[in-house]
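A.B. asks: So here's work-v9.csv, just CSV, C-alpha atoms:
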chain,number,residue,atom,x,y,z
J,280,MET,CA,83.8,106.4,99.4
J,281,ILE,CA,85.2,109.4,97.4
J,282,PHE,CA,83.9,109.4,93.9
J,283,ARG,CA,84.4,112.4,91.5
J,284,GLN,CA,83.4,112.6,87.9
J,285,LEU,CA,85.6,115.2,86.1
J,286,PHE,CA,84.9,116.6,82.7
J,287,ASP,CA,87.1,117.9,79.8
J,288,SER,CA,84.8,120.1,77.7
J,289,VAL,CA,87.3,120.2,74.7
J,290,SER,CA,87.2,116.4,74.1
J,291,GLY,CA,83.9,115.6,75.9
J,292,THR,CA,85.9,113.2,78.1
J,293,TYR,CA,84.9,112.0,81.6
J,294,SER,CA,87.6,111.1,84.0
J,295,TYR,CA,86.8,109.4,87.4
J,296,LEU,CA,88.7,109.7,90.7
J,297,LEU,CA,88.1,106.9,93.2
J,298,ALA,CA,89.2,106.4,96.8
J,299,SER,CA,87.8,104.5,99.7
J,300,ARG,CA,88.5,107.3,102.2
J,301,ALA,CA,90.0,110.7,102.7
J,302,GLY,CA,93.8,110.4,103.3
J,303,GLY,CA,94.0,107.1,101.5
J,304,GLU,CA,95.0,105.6,98.1
J,305,ALA,CA,93.3,106.8,95.0
J,306,LEU,CA,92.8,105.7,91.4
J,307,ILE,CA,92.0,107.8,88.3
J,308,LEU,CA,90.3,106.5,85.1
J,309,ASP,CA,90.9,108.1,81.7
J,310,PRO,CA,92.8,111.2,82.7
J,311,VAL,CA,93.3,114.0,80.2
J,312,LEU,CA,96.7,115.7,79.9
J,313,GLU,CA,95.4,119.3,80.0
J,314,LYS,CA,93.5,118.6,83.3
J,315,VAL,CA,96.5,117.2,85.2
J,316,ASP,CA,96.9,120.4,87.3
J,317,ARG,CA,93.3,120.1,88.3
J,318,TYR,CA,93.6,116.5,89.3
J,319,CYS,CA,96.7,117.2,91.3
J,320,GLN,CA,95.0,120.1,93.1
J,321,LEU,CA,92.0,117.8,93.9
J,322,LEU,CA,94.3,115.1,95.2
J,323,ARG,CA,95.9,117.6,97.6
J,324,GLU,CA,92.6,119.0,98.7
J,325,LEU,CA,91.2,115.6,99.5
J,326,ASP,CA,94.5,114.4,101.0
J,327,LEU,CA,94.8,111.5,98.6
J,328,LYS,CA,97.8,109.5,97.3
J,329,LEU,CA,97.3,108.6,93.6
J,330,VAL,CA,98.6,105.1,93.2
J,331,LYS,CA,97.1,104.0,89.8
J,332,ALA,CA,96.1,105.8,86.6
J,333,VAL,CA,94.1,103.7,84.2
J,334,ASP,CA,93.2,104.2,80.6
J,335,THR,CA,90.2,102.1,79.3
J,336,HIS,CA,91.8,102.1,75.8
J,337,LEU,CA,94.2,104.0,73.6
J,338,HIS,CA,92.4,107.3,73.0
J,339,ALA,CA,92.2,109.0,69.7
J,340,ASP,CA,90.5,112.3,70.7
J,341,HIS,CA,92.7,113.5,73.5
J,342,VAL,CA,96.3,113.1,74.8
J,343,THR,CA,96.2,110.9,77.9
J,344,GLY,CA,97.3,112.2,81.3
J,345,LEU,CA,98.9,108.9,82.3
J,346,GLY,CA,102.5,109.8,81.7
J,347,GLU,CA,102.3,113.3,83.3
J,348,LEU,CA,100.5,111.9,86.4
J,349,ARG,CA,103.1,109.2,86.7
J,350,ASP,CA,105.9,111.8,86.5
J,351,ARG,CA,104.2,114.1,89.1
J,352,THR,CA,102.8,111.6,91.6
J,353,HIS,CA,104.9,108.4,90.9
J,354,CYS,CA,101.7,106.5,90.4
J,355,MET,CA,101.5,103.3,88.4
J,356,THR,CA,100.1,103.4,84.8
J,357,VAL,CA,97.6,100.7,83.9
J,358,MET,CA,96.2,99.5,80.5
J,359,GLY,CA,95.0,96.3,78.9
J,360,ASP,CA,97.2,93.6,77.6
J,361,GLN,CA,96.5,94.5,73.9
J,362,THR,CA,97.5,98.1,74.2
J,363,LYS,CA,99.9,99.6,71.6
J,364,ALA,CA,101.3,102.0,74.2
J,365,ASP,CA,105.1,101.4,74.5
J,366,VAL,CA,105.4,100.9,78.3
J,367,VAL,CA,102.8,100.9,81.0
J,368,ALA,CA,103.6,99.8,84.6
J,369,MET,CA,100.9,97.2,84.7
J,370,ARG,CA,98.9,95.4,82.0
J,371,VAL,CA,95.7,93.7,82.8
J,372,ALA,CA,93.5,91.0,81.1
J,373,ASP,CA,89.9,89.9,81.4
J,374,GLY,CA,89.1,88.6,84.8
J,375,ASP,CA,91.9,90.4,86.6
J,376,LYS,CA,91.3,92.9,89.4
J,377,VAL,CA,92.7,96.4,89.8
J,378,THR,CA,92.9,97.1,93.5
J,379,ILE,CA,93.8,100.1,95.7
J,380,GLU,CA,93.3,100.3,99.5
J,381,GLY,CA,89.6,99.5,100.2
J,382,LEU,CA,88.5,99.3,96.5
J,383,SER,CA,88.6,96.6,93.8
J,384,LEU,CA,87.6,96.9,90.1
J,385,ASP,CA,86.9,93.8,88.0
J,386,VAL,CA,88.5,93.9,84.6
J,387,MET,CA,86.3,93.2,81.6
J,388,TYR,CA,87.8,92.9,78.1
J,389,THR,CA,85.2,94.7,75.9
J,390,PRO,CA,86.8,95.2,72.4
J,391,GLY,CA,85.1,96.7,69.4
J,392,HIS,CA,85.7,100.4,69.6
J,393,THR,CA,89.4,99.5,69.6
J,394,ASP,CA,91.1,96.2,70.0
J,395,ASP,CA,92.4,97.3,73.5
J,396,SER,CA,89.1,98.5,75.0
J,397,TYR,CA,88.3,97.5,78.5
J,398,SER,CA,85.5,98.1,81.0
J,399,TYR,CA,85.9,98.2,84.8
J,400,LEU,CA,83.1,97.0,87.1
J,401,MET,CA,83.0,98.2,90.7
J,402,GLY,CA,80.0,96.9,92.6
J,403,ASP,CA,76.9,99.0,91.5
J,404,ARG,CA,78.7,100.8,88.7
J,405,VAL,CA,80.6,100.0,85.5
J,406,PHE,CA,83.0,102.3,83.7
J,407,THR,CA,82.5,101.4,80.1
J,408,GLY,CA,85.1,103.6,78.3
J,409,ASP,CA,84.0,104.2,74.8
J,410,THR,CA,82.3,100.8,74.4
J,411,LEU,CA,78.9,101.7,75.7
J,412,LEU,CA,77.9,105.4,75.8
J,413,ILE,CA,74.8,107.0,77.1
J,414,ARG,CA,72.3,106.4,74.3
J,415,GLY,CA,75.1,105.5,71.9
J,416,THR,CA,78.1,103.2,71.4
J,417,GLY,CA,81.7,103.9,70.5
J,418,ARG,CA,82.5,104.1,66.8
J,419,THR,CA,84.3,101.0,65.3
J,420,ASP,CA,85.9,102.3,62.1
J,421,PHE,CA,89.5,102.8,63.2
J,422,GLN,CA,92.3,101.4,65.5
J,423,ASN,CA,91.3,97.8,64.7
J,424,GLY,CA,87.7,98.5,65.7
J,425,SER,CA,85.2,95.8,64.9
J,426,SER,CA,81.4,96.1,65.0
J,427,ARG,CA,81.0,92.4,65.4
J,428,ALA,CA,83.4,92.4,68.5
J,429,GLN,CA,81.6,95.4,69.9
J,430,TYR,CA,78.2,93.8,69.6
J,431,ASP,CA,79.5,90.8,71.5
J,432,SER,CA,81.1,93.0,74.2
J,433,ILE,CA,77.8,94.9,74.7
J,434,PHE,CA,75.2,92.3,74.3
J,435,ASN,CA,77.0,89.3,75.8
J,436,ARG,CA,79.0,91.1,78.5
J,437,LEU,CA,77.8,94.5,79.5
J,438,LEU,CA,74.0,94.1,79.0
J,439,LYS,CA,74.2,90.9,81.1
J,440,LEU,CA,75.0,93.0,84.2
J,441,PRO,CA,72.0,93.8,86.5
J,442,ASP,CA,69.7,96.4,85.1
J,443,GLU,CA,70.3,98.8,88.0
J,444,THR,CA,74.1,98.9,87.4
J,445,MET,CA,75.1,102.5,86.8
J,446,VAL,CA,76.9,103.2,83.5
J,447,PHE,CA,79.7,105.8,83.6
J,448,PRO,CA,81.2,106.2,80.1
J,449,ALA,CA,84.5,107.9,79.1
J,450,HIS,CA,82.6,110.4,76.9
J,451,ASP,CA,79.4,112.3,76.4
J,452,TYR,CA,78.7,115.1,74.0
J,453,LYS,CA,75.1,116.0,75.2
J,454,GLY,CA,75.6,116.7,78.9
J,455,ASP,CA,74.4,113.3,80.3
J,456,THR,CA,76.5,112.1,83.2
J,457,VAL,CA,75.2,108.7,84.1
J,458,SER,CA,72.8,106.0,82.9
J,459,THR,CA,71.9,102.4,83.9
J,460,ILE,CA,72.2,99.1,82.0
J,461,GLY,CA,68.4,98.8,82.1
J,462,GLU,CA,67.9,102.3,80.6
J,463,GLU,CA,70.4,101.6,77.8
J,464,LYS,CA,68.7,98.3,77.0
J,465,ARG,CA,65.4,100.2,76.6
J,466,PHE,CA,66.3,103.6,75.2
J,467,ASN,CA,69.7,103.3,73.4
J,468,PRO,CA,68.8,103.6,69.7
J,469,ARG,CA,71.8,101.5,68.6
J,470,LEU,CA,70.8,98.6,70.9
J,471,GLN,CA,67.4,98.1,69.3
J,472,VAL,CA,68.8,95.9,66.6
J,473,ARG,CA,67.6,92.3,66.1
J,474,SER,CA,70.9,90.7,65.1
J,475,VAL,CA,74.7,91.2,64.9
J,476,ASP,CA,74.4,91.7,61.2
J,477,GLU,CA,71.9,94.5,61.7
J,478,TYR,CA,74.3,96.2,64.2
J,479,ILE,CA,77.2,95.9,61.8
J,480,GLU,CA,75.2,97.5,59.0
J,481,LEU,CA,74.1,100.3,61.4
J,482,MET,CA,77.7,101.0,62.4
J,483,ALA,CA,78.9,100.9,58.8
J,484,ASN,CA,76.6,103.8,57.8
J,485,LEU,CA,77.4,106.3,60.5
J,486,LYS,CA,79.7,108.3,58.2
J,487,LEU,CA,81.6,110.0,61.0
J,488,PRO,CA,84.6,112.4,60.5
J,489,ASN,CA,87.8,111.4,62.2
J,490,PRO,CA,88.4,112.9,65.6
J,491,LYS,CA,90.1,116.3,65.2
J,492,MET,CA,92.9,115.3,67.6
J,493,MET,CA,93.4,111.8,66.1
J,494,ASP,CA,96.7,112.4,64.3
J,495,VAL,CA,98.2,114.0,67.4
J,496,ALA,CA,96.6,111.9,70.1
J,497,VAL,CA,97.2,108.4,68.9
J,498,PRO,CA,101.0,108.7,68.4
J,499,ALA,CA,101.4,110.6,71.6
J,500,ASN,CA,99.4,108.0,73.5
J,501,MET,CA,101.5,105.2,72.2
J,502,HIS,CA,104.6,106.8,73.8
J,503,VAL,CA,103.7,107.3,77.4
J,504,GLY,CA,106.5,105.1,78.8
J,505,LEU,CA,109.0,106.3,81.4
J,506,HIS,CA,112.4,106.8,79.7
J,507,GLN,CA,114.8,104.5,81.4
J,508,GLU,CA,118.0,105.4,79.5
J,509,GLU,CA,119.2,107.8,82.2
J,510,LEU,CA,119.5,104.9,84.7
J,511,GLU,CA,121.5,103.0,82.2
J,512,LYS,CA,123.9,105.9,81.8
J,513,GLU,CA,124.3,106.2,85.6
J,514,GLY,CA,125.1,102.4,85.9
J,515,ARG,CA,121.8,101.8,87.7
J,516,ALA,CA,120.3,99.4,85.2
J,517,LEU,CA,121.0,95.7,84.6
J,518,SER,CA,120.0,94.2,81.3
J,519,ALA,CA,118.0,91.0,81.6
J,520,VAL,CA,121.0,89.0,80.5
J,521,GLU,CA,123.2,90.7,83.2
J,522,ALA,CA,120.6,90.1,85.8
J,523,ILE,CA,120.2,86.4,84.9
J,524,ARG,CA,124.0,86.0,85.3
J,525,ALA,CA,123.8,87.7,88.7
J,526,LEU,CA,121.0,85.5,90.0
J,527,GLY,CA,121.9,83.9,93.3
J,528,ARG,CA,124.9,86.2,94.0
J,529,PRO,CA,125.1,86.8,97.8
J,530,ASP,CA,125.9,90.6,97.3
J,531,ILE,CA,122.6,91.3,95.5
J,532,LEU,CA,119.1,91.6,97.0
J,533,LEU,CA,116.3,91.2,94.5
J,534,VAL,CA,113.1,93.1,95.3
J,535,ASP,CA,109.9,92.3,93.5
J,536,LEU,CA,107.6,95.4,93.3
J,537,ARG,CA,104.6,93.7,91.6
J,538,GLU,CA,101.3,92.9,93.2
J,539,THR,CA,100.5,89.5,94.6
J,540,ASN,CA,98.1,88.7,91.7
J,541,GLU,CA,100.8,89.6,89.1
J,542,ARG,CA,103.3,87.3,90.9
J,543,LEU,CA,100.8,84.4,90.9
J,544,LYS,CA,100.0,84.9,87.2
J,545,HIS,CA,103.5,85.5,85.8
J,546,GLY,CA,105.8,83.9,88.4
J,547,THR,CA,108.7,85.5,90.3
J,548,LEU,CA,112.4,85.2,90.7
J,549,GLU,CA,114.2,82.9,93.2
J,550,GLY,CA,115.2,84.6,96.5
J,551,ALA,CA,113.3,87.8,95.7
J,552,LEU,CA,111.9,89.9,98.5
J,553,HIS,CA,108.3,91.1,97.9
J,554,THR,CA,107.6,94.8,98.5
J,555,PRO,CA,104.6,96.1,96.4
J,556,TYR,CA,105.5,99.3,94.7
J,557,PRO,CA,103.0,101.6,96.6
J,558,SER,CA,104.8,100.8,99.9
J,559,VAL,CA,108.3,101.2,98.6
J,560,GLU,CA,108.8,104.9,99.7
J,561,GLU,CA,107.9,103.9,103.3
J,562,SER,CA,110.3,101.0,103.1
J,563,LEU,CA,113.2,103.2,102.1
J,564,LYS,CA,112.8,105.7,105.0
J,565,PRO,CA,115.0,105.4,108.1
J,566,GLY,CA,113.7,102.4,110.0
J,567,GLY,CA,112.0,101.0,106.9
J,568,MET,CA,112.5,97.4,106.1
J,569,LEU,CA,114.4,97.8,102.8
J,570,ARG,CA,116.7,100.4,104.2
J,571,GLU,CA,117.5,98.3,107.3
J,572,VAL,CA,118.1,95.1,105.3
J,573,ALA,CA,120.4,97.0,102.9
J,574,ALA,CA,122.3,98.6,105.7
J,575,ALA,CA,122.6,95.4,107.7
J,576,THR,CA,123.7,93.2,104.9
J,577,GLY,CA,125.6,95.6,102.6
J,578,ARG,CA,123.8,94.0,99.6
J,579,ARG,CA,122.9,96.0,96.5
J,580,VAL,CA,119.2,96.3,96.1
J,581,VAL,CA,118.0,95.4,92.6
J,582,PHE,CA,114.4,96.2,92.0
J,583,PHE,CA,112.3,94.6,89.3
J,584,CYS,CA,108.6,94.8,88.2
J,585,ALA,CA,106.6,93.8,85.1
J,586,PHE,CA,108.2,96.1,82.4
J,587,GLY,CA,110.7,98.3,84.3
J,588,GLU,CA,108.6,101.3,84.9
J,589,ARG,CA,107.9,100.8,88.6
J,590,SER,CA,111.5,99.7,89.3
J,591,ALA,CA,112.9,102.8,87.5
J,592,MET,CA,110.8,105.0,89.8
J,593,ALA,CA,111.9,102.9,92.8
J,594,VAL,CA,115.6,103.5,92.0
J,595,ALA,CA,114.8,107.3,91.8
J,596,ALA,CA,113.0,107.1,95.2
J,597,ALA,CA,115.9,105.2,96.7
J,598,LYS,CA,118.3,107.8,95.5
J,599,GLU,CA,116.1,110.6,97.0
J,600,ALA,CA,116.1,108.7,100.3
J,601,GLY,CA,119.9,108.6,100.2
J,602,LEU,CA,120.2,104.9,99.4
J,603,LEU,CA,122.6,104.9,96.5
J,604,ASN,CA,123.6,101.2,96.1
J,605,THR,CA,120.5,100.3,94.0
J,606,ALA,CA,119.7,99.3,90.4
J,607,HIS,CA,116.8,97.8,88.5
J,608,ILE,CA,116.3,95.2,85.8
J,609,ALA,CA,115.6,97.1,82.6
J,610,GLY,CA,112.4,95.8,80.9
J,611,GLY,CA,111.3,93.9,84.0
J,612,ILE,CA,110.3,90.3,84.2
J,613,ASP,CA,109.0,90.6,80.6
J,614,ALA,CA,112.5,91.2,79.4
J,615,TRP,CA,113.8,88.5,81.8
J,616,LYS,CA,111.5,85.9,80.3
J,617,LYS,CA,112.3,86.9,76.8
J,618,ALA,CA,116.0,86.4,77.6
J,619,GLY,CA,115.3,82.9,78.9
J,620,GLY,CA,115.6,83.6,82.6
J,621,PRO,CA,114.2,81.0,85.1
J,622,VAL,CA,110.9,81.9,86.8
J,623,LEU,CA,109.3,80.3,89.9
J,624,HIS,CA,105.6,79.6,89.8
Show this structure as structure tokens.
C.D. replies:
Amino acid sequence: MIFRQLFDSVSGTYSYLLASRAGGEALILDPVLEKVDRYCQLLRELDLKLVKAVDTHLHADHVTGLGELRDRTHCMTVMGDQTKADVVAMRVADGDKVTIEGLSLDVMYTPGHTDDSYSYLMGDRVFTGDTLLIRGTGRTDFQNGSSRAQYDSIFNRLLKLPDETMVFPAHDYKGDTVSTIGEEKRFNPRLQVRSVDEYIELMANLKLPNPKMMDVAVPANMHVGLHQEELEKEGRALSAVEAIRALGRPDILLVDLRETNERLKHGTLEGALHTPYPSVEESLKPGGMLREVAAATGRRVVFFCAFGERSAMAVAAAKEAGLLNTAHIAGGIDAWKKAGGPVLH
């Protein structure tokens, strides 16, 4: 397995690059905007294809690298269901899995630092975001933070993991890089409380200044979505209402870019072909399935996904591959459902 812990000294942020093998698919956790050049260089050096960029929560101390990585590598952006970010390609909830070739992360909802804080468990290690830090815990005094919720996330979720589980946080300000659940139980001063009320009192008396970047970072991180207006201007976007009217038309081929677990959870559209987004470029090349089907049938390929971000990128990829008769459903299946469109379960 390829595992790299990367550090941004300005914000004290750790980002993590994961892949099961050289030449394979990769995932990055909590990327920082200013470090995107470095990530891209490392991806080239290790011959990796970035397919997912994940934020554990909406950060207040740095601007996320999610949007820039998506624009440069065409990867999917991933955040939790509760996020205030305008558009991410994929939203996850407690109990879901985030998968890439050869690797799978279990999604754990661990609110408290913020109301959209998640941790990601992968075998012998857990990525705790800002929920559990090394010898500390994330502050709970802004972005709908809650000391009570954080106590529950830490004591009733994270500390229930095996003691030898390695803890990789999103931040450290003292130079520590890794801990274990057992170590934190024993030596983390904030976890030596006897009750939830004692923890709430402890957190209420920290008297911390706001992060220096907060006024810049939070608004910026809420607007990471891919701008889809261009496609509309080019006539390559169908509104949900237009798409519902076009359902079943013989000249249209619907292509679902979501992953199998998303389809099972949220349903799909009648007659849709399933081509998960990471394989779409291959499918559009000469000899690729989508290209051949489009050529043989003369049908217009209409992509859709969860919120319109993957499908917008697929339209751009199709254009690049010389396949011009394509469009996407703006806002994805989310907009389709809101417009009352029928869904198969």
A.B. asks: Kindly provide the residues of segment 488-576 of chain J that approach segment 394-418 of chain J to within 12 Å, each paired with its closest atom pair and their distance in Å to one decimal, based on all atoms listed in the file, listed by chain and increasing number, as CSV.
C.D. replies:
residue,atom,partner,partner_atom,distance
J:Pro488,CA,J:Arg418,CA,10.6
J:Asn489,CA,J:Arg418,CA,10.1
J:Pro490,CA,J:Arg418,CA,10.7
A.B. asks: Now that the selection is made, can you save its residues with C-alpha atoms as a PDB file, in the coordinates of the input?
C.D. replies:
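Wrote out06.pdb, looks like this:
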ATOM      1  CA  PRO J 488      84.600 112.400  60.500  1.00  0.00           C
ATOM      2  CA  ASN J 489      87.800 111.400  62.200  1.00  0.00           C
ATOM      3  CA  PRO J 490      88.400 112.900  65.600  1.00  0.00           C
TER       4      PRO J 490
END
A.B. asks: Do you have the atom CA of Leu306 of chain J-atom CA of Thr292 of chain J distance handy?
C.D. replies: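 For atom CA of Leu306 of chain J relative to atom CA of Thr292 of chain J, the distance reads 16.8 Å.
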A.B. asks: Could you tell me how far atom CA of Met501 of chain J sits from atom CA of Asp340 of chain J, in Å to one decimal place?
C.D. replies: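 We find that atom CA of Asp340 of chain J and atom CA of Met501 of chain J lie 13.2 Å from each other.
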A.B. asks: Could you give me, as a list in words, the residues within 10 Å of Leu327 of chain J, counting only C-alpha atoms and dropping anything in the same chain fewer than 3 positions from it?
C.D. replies: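 Once the nearby chain positions are removed, what remains is Ile281, Leu297, Ala298, Ser299, Arg300, Ala301, Gly302, Gly303, Glu304, Ala305, Leu306, Cys319, Leu321, Leu322, Arg323, Glu324 and Val330 of chain J.
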A.B. asks: Excluding same-chain residues fewer than 6 positions from Arg579 of chain J, what lies within 9 Å of it counting only C-alpha atoms, as a VMD selection string?
C.D. replies: chain J and resid 530 to 533 573 603 to 606
A.B. asks: Work out how far apart atom CA of Ile460 of chain J and atom CA of Asp442 of chain J are and give it in Å to one decimal.
C.D. replies: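 These two atoms are separated by 4.8 Å.
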A.B. asks: Considering all atoms listed in the file, return as a ChimeraX atom specification whatever protein or nucleic-acid residues lie within 12 Å of segment 558-561 of chain J, sequence-local ones (same chain, fewer than 2 positions apart) excluded.
C.D. replies: /J:304,328,330,353-354,379-380,534-538,552-556,563-571,582,589-590,592-602
A.B. asks: For Met369 of chain J, which residue among J:Pro498, J:Gly454, J:Gly391, J:Gly611 is the nearest when counting all atoms listed in the file?
C.D. replies: J:Gly611
A.B. asks: Write out as an mmCIF file with C-alpha atoms, keeping the file's coordinate frame each polymer residue whose atoms come within 8 Å of Glu347 of chain J, counting all atoms listed in the file; drop sequence neighbours fewer than 4 positions from it.
C.D. replies:
data_model
loop_
_atom_site.group_PDB
_atom_site.id
_atom_site.type_symbol
_atom_site.label_atom_id
_atom_site.label_comp_id
_atom_site.auth_asym_id
_atom_site.auth_seq_id
_atom_site.Cartn_x
_atom_site.Cartn_y
_atom_site.Cartn_z
ATOM 1 C CA LEU J 312 96.700 115.700 79.900
ATOM 2 C CA VAL J 315 96.500 117.200 85.200
ATOM 3 C CA ARG J 351 104.200 114.100 89.100
#
A.B. asks: Would you list the contacts of Leu517 of chain J as a count of residues only, taking every protein, DNA or RNA residue within 8 Å and counting only C-alpha atoms, but skipping same-chain residues closer than 6 positions in sequence?
C.D. replies: 5
A.B. asks: Restrict the calculation to all atoms listed in the file, then for each residue of segment 362-386 of chain J with any atom at most 12 Å from an atom of segment 421-433 of chain J give the closest atom pair and their distance in Å to one decimal, rows by chain and rising residue number, as CSV.
C.D. replies:
residue,atom,partner,partner_atom,distance
J:Thr362,CA,J:Gln422,CA,10.7
J:Lys363,CA,J:Gln422,CA,9.9
J:Asp373,CA,J:Ser432,CA,11.8
A.B. asks: Let me make sure I understand: among J:Ala483, J:Val472, J:Val497, J:Ala614, which one has the smallest atom-to-atom distance to Phe586 of chain J if we use all atoms listed in the file?
C.D. replies: J:Ala614
